[in-house]
Amino acid sequence: MPRGAKKQFDRDDALAAATHLFWELSYESVGLAELLERMGIARQSLYDTFGSKEDLFREAVERYVETRIGQIRGLLEAPGSPLGNVRRAHAFYEQHCTSGSGLGCM
């Protein structure tokens with residue numbers, strides 16, 4: 001049985017673009033056309049690869065938690081002084097919040 005056409009986009013890049021757009025504008029504010037344009041994919045590719053917009057959002061939040069929250073967790077769980085770890089995590093978060101991206105927490 002022949003396979004479907006090979007995907008013409010990088011799944012991780014498309015997910016990263018969607019994550020940033022949801023983070024920037026919110027789930028409710030992101031329209032499907034804008035989402036597809038930012039991700040660089042067609043409507044059918046979105047459905048075939050990610051399911052629905054809601055499924056994509058859930059995956060985007062999971063990615064956010066794995067990266068941003070994972071970084072902070074790693075700092076807090078590092079060997080050494082617990083208080084020092086809290087200070088490093090706080091400094092990391094403060095740097096993130098004042099970096100000029102204006103995005104804050106997803």
# chains A, B, ... in the order shown; residues from 1 in each chain; ligands from 1
$ residues_around --residues "stretch 44-51 of chain A" --least-positions-apart "2" --cutoff "12 Å" --atoms "only C-alpha atoms" --output "PyMOL selection string"
chain A and resi 4-12+14-15+18+32-33+35-42+53-60
$ residues_around --residues "A:Val61" --least-positions-apart "4" --cutoff "12 Å" --atoms "only C-alpha atoms" --output "list in words"
Leu15, Ala16, Ala18, Thr19, His20, Leu21, Phe22, Trp23, Ser26, Tyr27, Glu54, Asp55, Leu56, Phe57, Val65, Glu66, Thr67, Arg68, Ile69, Cys105 and Met106 of chain A
$ atom_distance --atom1 "atom CA of A:Ile72" --atom2 "atom CA of A:Glu28"
27.2 Å
$ residues_around --residues "A:Arg88" --least-positions-apart "5" --cutoff "9 Å" --atoms "only C-alpha atoms" --output "list of chain:residue names"
A:Ile72, A:Leu75, A:Leu76, A:Leu83, A:Tyr93
$ write_last_selection --atoms "all heavy atoms" --output "PDB file, in the first residue's frame"
ATOM      1  N   ILE A  72      13.556  26.007  34.867  1.00  0.00           N
ATOM      2  CA  ILE A  72      13.476  26.460  36.266  1.00  0.00           C
ATOM      3  C   ILE A  72      13.572  25.274  37.209  1.00  0.00           C
ATOM      4  O   ILE A  72      14.287  25.317  38.213  1.00  0.00           O
ATOM      5  CB  ILE A  72      12.191  27.273  36.500  1.00  0.00           C
ATOM      6  CG1 ILE A  72      12.264  28.581  35.698  1.00  0.00           C
ATOM      7  CG2 ILE A  72      11.978  27.555  37.983  1.00  0.00           C
ATOM      8  CD1 ILE A  72      10.986  29.365  35.653  1.00  0.00           C
ATOM      9  N   LEU A  75      17.111  24.188  37.588  1.00  0.00           N
ATOM     10  CA  LEU A  75      17.870  25.066  38.478  1.00  0.00           C
ATOM     11  C   LEU A  75      17.547  24.779  39.946  1.00  0.00           C
ATOM     12  O   LEU A  75      18.439  24.764  40.797  1.00  0.00           O
ATOM     13  CB  LEU A  75      17.568  26.533  38.156  1.00  0.00           C
ATOM     14  CG  LEU A  75      18.102  27.044  36.824  1.00  0.00           C
ATOM     15  CD1 LEU A  75      17.487  28.392  36.484  1.00  0.00           C
ATOM     16  CD2 LEU A  75      19.619  27.120  36.845  1.00  0.00           C
ATOM     17  N   LEU A  76      16.278  24.555  40.233  1.00  0.00           N
ATOM     18  CA  LEU A  76      15.878  24.291  41.619  1.00  0.00           C
ATOM     19  C   LEU A  76      16.369  22.944  42.128  1.00  0.00           C
ATOM     20  O   LEU A  76      16.662  22.796  43.314  1.00  0.00           O
ATOM     21  CB  LEU A  76      14.350  24.368  41.749  1.00  0.00           C
ATOM     22  CG  LEU A  76      13.738  25.751  41.571  1.00  0.00           C
ATOM     23  CD1 LEU A  76      12.220  25.642  41.518  1.00  0.00           C
ATOM     24  CD2 LEU A  76      14.180  26.692  42.680  1.00  0.00           C
ATOM     25  N   LEU A  83      19.060  27.194  48.842  1.00  0.00           N
ATOM     26  CA  LEU A  83      18.833  28.635  48.780  1.00  0.00           C
ATOM     27  C   LEU A  83      19.531  29.231  47.557  1.00  0.00           C
ATOM     28  O   LEU A  83      18.973  30.080  46.862  1.00  0.00           O
ATOM     29  CB  LEU A  83      19.310  29.320  50.060  1.00  0.00           C
ATOM     30  CG  LEU A  83      19.080  30.831  50.137  1.00  0.00           C
ATOM     31  CD1 LEU A  83      17.597  31.171  49.947  1.00  0.00           C
ATOM     32  CD2 LEU A  83      19.597  31.368  51.462  1.00  0.00           C
ATOM     33  N   TYR A  93      14.437  33.600  36.003  1.00  0.00           N
ATOM     34  CA  TYR A  93      13.076  34.042  35.708  1.00  0.00           C
ATOM     35  C   TYR A  93      13.012  35.563  35.558  1.00  0.00           C
ATOM     36  O   TYR A  93      12.347  36.082  34.664  1.00  0.00           O
ATOM     37  CB  TYR A  93      12.105  33.559  36.787  1.00  0.00           C
ATOM     38  CG  TYR A  93      10.668  33.708  36.379  1.00  0.00           C
ATOM     39  CD1 TYR A  93      10.126  32.895  35.404  1.00  0.00           C
ATOM     40  CD2 TYR A  93       9.868  34.687  36.939  1.00  0.00           C
ATOM     41  CE1 TYR A  93       8.802  33.045  34.999  1.00  0.00           C
ATOM     42  CE2 TYR A  93       8.550  34.849  36.549  1.00  0.00           C
ATOM     43  CZ  TYR A  93       8.032  34.023  35.579  1.00  0.00           C
ATOM     44  OH  TYR A  93       6.725  34.183  35.177  1.00  0.00           O
TER      45      TYR A  93
END
$ select_by_dssp --residues "chain A" --states "alpha helix (DSSP H)" --output "ChimeraX atom specification"
/A:11-25,32-39,43-50,53-64,70-76,82-97
$ atom_distance --atom1 "atom CA of A:Gly80" --atom2 "atom CA of A:Gly104"
28.1 Å
$ atom_distance --atom1 "atom CA of A:Gly74" --atom2 "atom CA of A:Cys97"
18.0 Å
